[in-house]
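A.B. asks: Contents of query08.cif (mmCIF, C-alpha atoms and all ligand atoms):
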data_final
loop_
_atom_site.label_atom_id
_atom_site.label_comp_id
_atom_site.auth_asym_id
_atom_site.auth_seq_id
_atom_site.Cartn_x
_atom_site.Cartn_y
_atom_site.Cartn_z
CA MET A 1 101.04 97.88 66.94
CA ASP A 2 97.56 96.36 66.77
CA GLY A 3 94.35 98.13 67.75
CA PHE A 4 93.06 98.79 71.22
CA CYS A 5 93.41 96.24 73.98
CA THR A 6 91.59 95.14 77.10
CA VAL A 7 93.73 94.88 80.21
CA VAL A 8 92.79 92.05 82.56
CA THR A 9 94.57 91.85 85.92
CA GLY A 10 94.49 88.72 88.04
CA ALA A 11 94.66 86.99 84.66
CA ALA A 12 96.31 83.90 86.11
CA GLY A 13 93.55 83.57 88.71
CA GLY A 14 90.23 81.75 88.78
CA ILE A 15 87.94 84.46 87.42
CA GLY A 16 90.55 86.53 85.53
CA SER A 17 91.81 83.60 83.45
CA VAL A 18 88.29 82.65 82.36
CA LEU A 19 87.60 86.27 81.41
CA VAL A 20 90.78 86.45 79.31
CA ARG A 21 89.77 83.31 77.40
CA ARG A 22 86.27 84.65 76.87
CA LEU A 23 87.46 88.03 75.57
CA ALA A 24 90.16 86.50 73.39
CA ALA A 25 87.60 84.13 71.88
CA GLY A 26 85.55 87.19 70.96
CA GLY A 27 88.47 88.45 68.90
CA GLY A 28 89.89 91.02 71.28
CA LYS A 29 93.53 91.83 71.96
CA ILE A 30 94.25 91.23 75.64
CA VAL A 31 96.98 92.38 77.99
CA ALA A 32 96.96 89.84 80.81
CA ALA A 33 98.61 90.95 84.06
CA ASP A 34 99.38 88.91 87.15
CA ILE A 35 102.03 88.63 89.83
CA ASP A 36 102.32 84.92 88.97
CA GLY A 37 104.31 85.15 85.74
CA ALA A 38 104.91 81.39 85.49
CA ARG A 39 101.20 80.65 85.57
CA LEU A 40 100.52 83.42 83.03
CA GLU A 41 103.00 81.77 80.65
CA GLN A 42 101.51 78.36 81.27
CA LEU A 43 97.98 79.60 80.56
CA PHE A 44 98.53 82.05 77.71
CA GLY A 45 102.12 81.64 76.49
CA ALA A 46 100.91 79.97 73.30
CA ASP A 47 98.10 82.42 72.58
CA GLY A 48 99.17 85.19 70.22
CA ARG A 49 96.16 87.31 71.15
CA VAL A 50 97.25 87.56 74.78
CA ALA A 51 100.25 89.71 75.76
CA ARG A 52 101.57 88.97 79.25
CA SER A 53 102.65 91.40 81.97
CA ALA A 54 104.17 89.72 85.01
CA GLY A 55 104.49 91.77 88.18
CA ASP A 56 102.90 93.12 91.32
CA VAL A 57 100.51 95.78 90.07
CA THR A 58 100.68 97.66 93.39
CA THR A 59 104.38 98.45 92.90
CA ASP A 60 105.89 101.14 90.65
CA GLU A 61 107.83 98.45 88.83
CA GLY A 62 104.76 96.29 88.19
CA PHE A 63 102.78 99.31 87.07
CA GLU A 64 105.51 100.43 84.64
CA THR A 65 105.81 96.89 83.25
CA LEU A 66 102.09 96.90 82.59
CA LEU A 67 102.21 100.28 80.81
CA ARG A 68 105.14 99.08 78.69
CA THR A 69 103.30 95.88 77.73
CA ILE A 70 100.27 97.95 76.73
CA ALA A 71 102.40 100.31 74.63
CA ASP A 72 104.27 97.44 72.95
CA ASN A 73 101.13 95.58 72.00
CA SER A 74 98.37 98.09 71.30
CA CYS A 75 97.57 101.68 70.53
CA GLY A 76 95.56 102.19 73.71
CA VAL A 77 93.22 100.70 76.31
CA CYS A 78 89.54 100.31 75.50
CA GLY A 79 88.79 97.90 78.34
CA PHE A 80 90.08 97.35 81.85
CA ALA A 81 88.98 94.50 84.12
CA HIS A 82 90.65 94.39 87.51
CA PHE A 83 90.52 90.89 89.00
CA ALA A 84 93.87 90.83 90.82
CA GLY A 85 93.43 90.50 94.54
CA PHE A 86 93.46 88.38 97.62
CA ASP A 87 91.62 87.89 100.89
CA ALA A 88 93.17 87.59 104.35
CA PRO A 89 90.39 86.38 106.63
CA ALA A 90 90.78 87.01 110.34
CA PRO A 91 88.39 87.75 113.15
CA LEU A 92 88.41 91.41 114.22
CA ALA A 93 90.62 90.74 117.23
CA LEU A 94 93.37 89.37 114.95
CA ALA A 95 92.91 91.80 112.03
CA LYS A 96 96.03 93.86 111.35
CA PRO A 97 96.20 97.39 109.92
CA GLU A 98 99.09 96.39 107.65
CA THR A 99 96.95 93.62 106.18
CA PHE A 100 94.23 96.16 105.46
CA SER A 101 96.79 98.44 103.76
CA ALA A 102 97.91 95.59 101.51
CA LEU A 103 94.30 94.68 100.69
CA ALA A 104 93.37 98.30 99.99
CA ALA A 105 96.44 98.70 97.77
CA VAL A 106 95.55 95.85 95.46
CA HIS A 107 91.74 96.13 95.44
CA ALA A 108 91.33 99.92 95.32
CA GLY A 109 94.76 101.65 95.18
CA PHE A 110 95.91 100.08 91.92
CA PRO A 111 92.64 100.66 90.02
CA LEU A 112 92.62 104.26 91.30
CA ARG A 113 96.07 104.71 89.75
CA PHE A 114 95.24 102.89 86.54
CA LEU A 115 91.95 104.73 86.01
CA GLY A 116 93.92 107.95 86.62
CA TRP A 117 96.25 106.90 83.81
CA MET A 118 93.28 106.08 81.54
CA SER A 119 91.75 109.50 82.31
CA LYS A 120 94.72 111.44 80.94
CA LYS A 121 94.15 113.14 77.62
CA ALA A 122 96.78 111.07 75.80
CA ASN A 123 95.24 107.80 77.02
CA ARG A 124 91.52 108.55 76.85
CA VAL A 125 89.53 106.30 74.52
CA ARG A 126 85.89 107.16 73.86
CA GLY A 127 83.72 104.09 74.54
CA ALA A 128 86.27 102.59 76.93
CA SER A 129 84.86 100.55 79.79
CA ALA A 130 86.34 99.53 83.14
CA VAL A 131 85.10 96.78 85.44
CA LEU A 132 86.31 96.61 89.02
CA VAL A 133 85.45 93.88 91.48
CA SER A 134 83.78 94.37 94.81
CA SER A 135 82.27 91.52 96.82
CA ALA A 136 79.11 90.49 98.60
CA ALA A 137 81.35 90.84 101.67
CA ALA A 138 81.15 94.62 101.26
CA HIS A 139 77.36 94.49 101.66
CA GLY A 140 76.42 91.64 103.91
CA GLY A 141 78.51 91.85 107.05
CA ALA A 142 80.91 88.98 106.44
CA LYS A 143 82.23 87.75 109.78
CA GLY A 144 85.99 87.23 109.69
CA HIS A 145 86.48 89.43 106.61
CA ALA A 146 86.49 92.96 108.08
CA ALA A 147 89.66 94.21 106.36
CA TYR A 148 88.67 92.67 103.02
CA SER A 149 85.11 94.06 103.30
CA ALA A 150 86.48 97.55 104.00
CA ALA A 151 88.79 97.35 100.97
CA LYS A 152 85.91 96.15 98.79
CA ALA A 153 83.65 98.98 100.01
CA ALA A 154 86.39 101.36 98.85
CA VAL A 155 86.13 99.79 95.39
CA GLU A 156 82.46 100.76 95.17
CA GLY A 157 83.14 104.37 96.18
CA LEU A 158 85.90 104.52 93.59
CA THR A 159 83.58 103.07 90.95
CA ARG A 160 81.01 105.82 91.40
CA ALA A 161 83.49 108.73 91.62
CA ALA A 162 85.53 107.54 88.63
CA ALA A 163 82.36 106.94 86.60
CA ALA A 164 81.24 110.51 87.25
CA GLU A 165 84.63 111.92 86.20
CA LEU A 166 84.97 109.81 83.09
CA ALA A 167 81.40 109.96 81.75
CA PRO A 168 82.00 113.29 79.96
CA TYR A 169 84.66 111.49 77.88
CA GLY A 170 82.31 108.65 76.99
CA MET A 171 84.15 106.27 79.31
CA ARG A 172 82.35 103.94 81.73
CA VAL A 173 83.28 102.43 85.09
CA ASN A 174 81.27 99.69 86.81
CA ALA A 175 81.87 96.95 89.32
CA VAL A 176 80.65 93.43 89.95
CA ALA A 177 80.02 92.21 93.49
CA PRO A 178 80.18 88.41 93.50
CA GLY A 179 79.05 86.04 96.20
CA VAL A 180 81.25 83.04 96.88
CA VAL A 181 82.87 81.72 93.69
CA ASP A 182 84.80 78.48 93.65
CA THR A 183 88.44 79.56 93.13
CA GLU A 184 91.77 79.35 94.97
CA LEU A 185 90.89 82.58 96.78
CA SER A 186 87.70 81.26 98.34
CA ARG A 187 89.10 77.77 98.89
CA ALA A 188 91.80 79.27 101.11
CA TRP A 189 89.14 80.20 103.66
CA THR A 190 86.36 77.72 102.97
CA GLY A 191 89.07 75.16 103.78
CA LYS A 192 88.87 76.41 107.36
CA LEU A 193 85.12 75.76 107.66
CA ASP A 194 83.61 72.62 109.10
CA LYS A 195 80.89 70.63 107.33
CA GLU A 196 78.06 72.47 109.04
CA GLN A 197 79.47 75.85 108.06
CA LEU A 198 80.08 74.70 104.49
CA ASP A 199 76.48 73.46 104.23
CA ALA A 200 75.21 76.81 105.55
CA LEU A 201 77.36 78.67 103.01
CA ALA A 202 76.04 76.57 100.14
CA LYS A 203 72.46 77.05 101.35
CA ALA A 204 72.98 80.82 101.50
CA HIS A 205 73.49 80.76 97.71
CA PRO A 206 70.12 79.50 96.41
CA LEU A 207 71.47 79.22 92.85
CA GLY A 208 74.57 77.42 94.10
CA ILE A 209 78.14 78.54 94.75
CA GLY A 210 79.33 80.59 91.77
CA THR A 211 81.64 79.50 89.00
CA PRO A 212 84.31 81.81 87.53
CA ASP A 213 82.38 81.72 84.24
CA GLN A 214 79.29 83.25 85.81
CA VAL A 215 81.23 86.27 87.07
CA ALA A 216 83.32 86.57 83.90
CA ALA A 217 80.07 86.70 81.89
CA ALA A 218 78.81 89.66 83.92
CA ALA A 219 82.17 91.43 83.54
CA ALA A 220 82.24 90.75 79.79
CA PHE A 221 78.77 92.25 79.47
CA LEU A 222 79.82 95.42 81.34
CA LEU A 223 82.91 95.72 79.16
CA SER A 224 80.88 95.35 75.97
CA PRO A 225 78.97 98.03 74.04
CA ASP A 226 75.78 96.22 75.13
CA ALA A 227 76.25 98.00 78.45
CA SER A 228 76.86 101.38 76.82
CA TRP A 229 74.25 103.14 78.99
CA ILE A 230 75.40 101.68 82.30
CA THR A 231 78.01 103.44 84.41
CA GLY A 232 78.83 103.91 88.09
CA GLN A 233 76.94 100.73 89.02
CA THR A 234 77.86 97.74 91.11
CA ILE A 235 76.16 94.66 89.69
CA VAL A 236 75.50 92.09 92.38
CA CYS A 237 76.25 88.66 90.96
CA ASP A 238 75.74 86.27 93.85
CA GLY A 239 73.34 83.42 93.10
CA GLY A 240 70.73 84.95 95.38
CA PHE A 241 73.02 85.29 98.41
CA SER A 242 71.74 88.78 99.15
CA LEU A 243 68.04 87.94 98.89
CA MET B 244 104.30 76.47 125.08
CA ASP B 245 103.48 79.21 127.62
CA ASP B 246 103.29 81.74 124.86
CA PHE B 247 100.94 79.50 122.86
CA ILE B 248 98.72 78.88 125.89
CA SER B 249 98.49 82.61 126.52
CA LYS B 250 97.49 83.29 122.90
CA ALA B 251 94.87 80.53 123.04
CA ALA B 252 93.51 81.91 126.34
CA ASP B 253 93.22 85.34 124.72
CA ILE B 254 91.05 83.91 121.93
CA LEU B 255 89.04 81.62 124.20
CA GLU B 256 88.53 84.50 126.68
CA CYS B 257 88.95 82.27 129.70
CA ASP B 258 91.65 80.93 131.99
CA VAL B 259 93.50 78.07 130.38
CA ALA B 260 94.97 76.14 133.28
CA GLY B 261 97.41 74.15 131.18
CA ALA B 262 98.12 72.44 127.88
CA ASP B 263 95.62 69.67 128.62
CA PHE B 264 92.69 72.06 128.60
CA ALA B 265 90.00 70.86 126.14
CA PHE B 266 89.45 74.08 124.23
CA ARG B 267 85.92 73.25 123.03
CA ASP B 268 84.89 73.16 126.71
CA ALA B 269 85.63 76.88 127.02
CA PRO B 270 82.58 78.86 128.11
CA ASP B 271 80.93 80.55 125.09
CA TRP B 272 82.79 78.26 122.67
CA ASN B 273 81.65 78.90 119.09
CA SER B 274 82.86 78.31 115.56
CA MET B 275 84.26 81.87 115.33
CA LYS B 276 86.65 81.03 118.17
CA GLY B 277 87.69 77.92 116.26
CA PHE B 278 88.29 80.04 113.18
CA ALA B 279 90.31 82.51 115.29
CA LEU B 280 92.53 79.68 116.60
CA LEU B 281 93.24 78.58 113.02
CA VAL B 282 94.05 82.16 111.96
CA MET B 283 96.35 82.61 114.99
CA ILE B 284 98.21 79.40 114.11
CA GLU B 285 98.64 80.61 110.53
CA GLN B 286 99.57 84.23 111.37
CA ASP B 287 101.91 83.57 114.29
CA TYR B 288 103.34 80.13 113.48
CA GLY B 289 103.13 80.07 109.69
CA LYS B 290 101.23 76.78 109.66
CA ARG B 291 98.13 76.55 107.44
CA ALA B 292 96.17 73.75 109.12
CA THR B 293 93.37 71.90 107.40
CA ILE B 294 89.94 71.63 108.95
CA GLU B 295 90.48 67.88 109.35
CA GLU B 296 93.66 68.48 111.36
CA PHE B 297 91.82 71.01 113.48
CA MET B 298 88.86 68.68 114.07
CA ASN B 299 91.29 66.03 115.32
CA CYS B 300 92.60 68.41 118.00
CA ARG B 301 91.03 68.21 121.45
CA THR B 302 93.40 70.02 123.78
CA VAL B 303 95.47 73.17 123.62
CA ARG B 304 98.53 70.90 123.44
CA ASP B 305 97.14 69.26 120.28
CA LEU B 306 96.82 72.73 118.76
CA ALA B 307 100.36 73.62 119.82
CA VAL B 308 101.66 70.44 118.18
CA LEU B 309 99.79 71.40 115.02
CA ALA B 310 101.39 74.86 115.15
CA GLY B 311 104.84 73.42 115.82
CA ALA B 312 104.89 75.30 119.12
CA ALA B 313 104.94 72.40 121.57
CA GLU B 314 108.27 71.73 123.20
N1 LIG A 401 86.32 83.84 94.65
C1 LIG A 401 85.38 84.48 95.32
O1 LIG A 401 84.59 83.90 96.07
C2 LIG A 401 85.25 85.98 95.17
C3 LIG A 401 84.10 86.59 95.69
C4 LIG A 401 83.96 87.97 95.60
C5 LIG A 401 84.96 88.72 94.99
N2 LIG A 401 86.06 88.10 94.50
C6 LIG A 401 87.10 88.94 93.91
O2 LIG A 401 87.36 88.57 92.57
C7 LIG A 401 88.73 88.86 92.26
C8 LIG A 401 89.37 87.61 91.63
O3 LIG A 401 89.30 86.58 92.58
P1 LIG A 401 89.54 85.03 92.26
O4 LIG A 401 88.54 84.29 93.04
O5 LIG A 401 89.65 84.82 90.80
O6 LIG A 401 90.95 84.82 92.99
P2 LIG A 401 92.26 84.04 92.54
O7 LIG A 401 93.10 83.93 93.77
O8 LIG A 401 91.94 82.82 91.79
O9 LIG A 401 92.94 85.07 91.53
C9 LIG A 401 93.50 86.29 91.94
C10 LIG A 401 94.74 86.54 91.09
O10 LIG A 401 95.27 87.83 91.44
C11 LIG A 401 96.68 87.74 91.40
N3 LIG A 401 97.24 88.80 92.23
C12 LIG A 401 97.07 88.96 93.57
N4 LIG A 401 97.71 90.06 93.98
C13 LIG A 401 98.29 90.61 92.88
C14 LIG A 401 99.09 91.76 92.66
N5 LIG A 401 99.44 92.55 93.67
N6 LIG A 401 99.50 92.05 91.40
C15 LIG A 401 99.17 91.22 90.38
N7 LIG A 401 98.41 90.12 90.53
C16 LIG A 401 97.99 89.82 91.76
C17 LIG A 401 96.98 86.33 91.94
O11 LIG A 401 98.27 85.90 91.56
C18 LIG A 401 95.86 85.52 91.33
O12 LIG A 401 96.25 84.94 90.09
C19 LIG A 401 89.39 89.33 93.57
O13 LIG A 401 89.38 90.73 93.64
C20 LIG A 401 88.44 88.78 94.62
O14 LIG A 401 88.49 89.55 95.82
C21 LIG A 401 86.23 86.74 94.57
#
Show me the file's structure as structure tokens.

C.D. replies:
Amino acid sequence: MDGFCTVVTGAAGGIGSVLVRRLAAGGGKIVAADIDGARLEQLFGADGRVARSAGDVTTDEGFETLLRTIADNSCGVCGFAHFAGFDAPAPLALAKPETFSALAAVHAGFPLRFLGWMSKKANRVRGASAVLVSSAAAHGGAKGHAAYSAAKAAVEGLTRAAAAELAPYGMRVNAVAPGVVDTELSRAWTGKLDKEQLDALAKAHPLGIGTPDQVAAAAAFLLSPDASWITGQTIVCDGGFSL
Amino acid sequence: MDDFISKAADILECDVAGADFAFRDAPDWNSMKGFALLVMIEQDYGKRATIEEFMNCRTVRDLAVLAGAAE
């Protein structure tokens, strides 16, 4: 068993995979989790610093697999970055409660459970830091993203409550709220926009549409001891979208 | 086809007389209604259409063909 690890979910995704590389390059031991096991293997199979946990983190089975991978590869969790998730855009009239349940489960339900696990006496690590991911959609009134926005707003409530509970143990919880970042997730809905709408979206981000690196950098900062006096915050990381 | 027309009428919030109705001529047409048509096609017919395919559609029948719902 090595030292402590950082768990990154959504590790096969646009932002998560970049964060894993960044943290591994800094010398950390990473447990990379994603439902897409094949892609995890493809990305990190050859990297000895990255242990892989394939499974749906919202299921008991996926959760247990993750805990087993952590136990097999480290002596505890000093960092947790939750980037697993999806969006299911639909106008209000077509939004479905079951879609909201699935969104809430992955964006807020799983981190609630995992932070609960981290909070237990046997698992607590002083100095540990967690980073959840909200979205500009939770702040700005994103048409066509009502269910996703509601799930992301839940993430911010969770961030503050968990930060308050964990601060006495020297553990921190923060979130990042990105604007539009160029990944598979955003391409799935920007692909439904016409040229005019795409131009408006680009214009709404004065510093340009985000790259996974720009969000991973903010998350890496919050995970690091450089952010040791920051907890319970949601850092907006949106290229000026909210200005 | 009737089922598709009725779903399109629901989104367009107007009477759709038949499959040859040019959906962009619906009163109060806007891009959100276009987005809703694309989401309906994906949710109910399992077809993820590209924006180019959508832009090439003019009538409700064209949309139904795209969805695989025109027979
Ligand atoms: N891309 C954006 O514009 C944007 C903006 C704001 C917030 N975010 C948030 O950032 C996070 C990462 O997004 P991304 O753009 O990298 O998306 P992405 O689609 O590239 O990556 C998401 C990853 O999560 C994995 N995943 C989904 N559900 C899972 C589950 N139940 N269990 C395990 N893994 C699962 C997917 O397989 C995928 O690899 C998401 O929470 C997203 O909502 C993204």

A.B. asks: Per residue of chain B within 7 Å of chain A, which atom pair is closest and at what distance in Å (one decimal), using only C-alpha atoms, listed by chain and increasing number, as a Markdown table?

C.D. replies:
| residue | atom | partner | partner_atom | distance |
| --- | --- | --- | --- | --- |
| B:Phe278 | CA | A:Lys192 | CA | 6.9 |
| B:Ala279 | CA | A:Pro91 | CA | 6.0 |
| B:Val282 | CA | A:Ala90 | CA | 6.1 |
| B:Thr293 | CA | A:Lys192 | CA | 6.4 |
| B:Ile294 | CA | A:Lys192 | CA | 5.1 |

A.B. asks: Return as an NGL selection string every polymer residue, whether protein, DNA or RNA, with at least one atom no more than 8 Å from an atom of ligand LIG 401 (chain A); count all atoms listed in the file.

C.D. replies: :A and (9-17 or 33-36 or 39 or 54-59 or 62 or 82-87 or 105-107 or 133-137 or 148 or 152 or 177-187 or 210 or 212)

A.B. asks: Would you work out the distance separating CA of Gly277 (chain B) from CA of Ser101 (chain A), expressed in Å to one decimal?

C.D. replies: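 Interatomic distance, CA of Gly277 (chain B) to CA of Ser101 (chain A): 25.7 Å.
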
A.B. asks: Rounded to one decimal in Å, what is the spacing between CA of Val8 (chain A) and CA of Gly240 (chain A)?

C.D. replies: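 Straight-line distance from CA of Val8 (chain A) to CA of Gly240 (chain A) works out to 26.5 Å.
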
A.B. asks: Could you please determine the separation between CA of Leu19 (chain A) and CA of Ala167 (chain A) in Å, to one decimal place?

C.D. replies: 24.5 Å

A.B. asks: Got a sec: who's within 9 Å of Leu280 (chain B), counting all atoms listed in the file, leaving out chain neighbours fewer than 5 positions off, as a list in words?

C.D. replies: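 Returned residues: Lys250, Ala251, Ile254, Leu255, Met275, Glu285 and Leu306 of chain B.
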
A.B. asks: Here is a test: counting all atoms listed in the file, which residue of A:Ile70, A:Leu166, A:Val176, A:Leu198 is nearest to Ser274 (chain B)?

C.D. replies: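 Under the stated criterion, the closest residue is A:Leu198.
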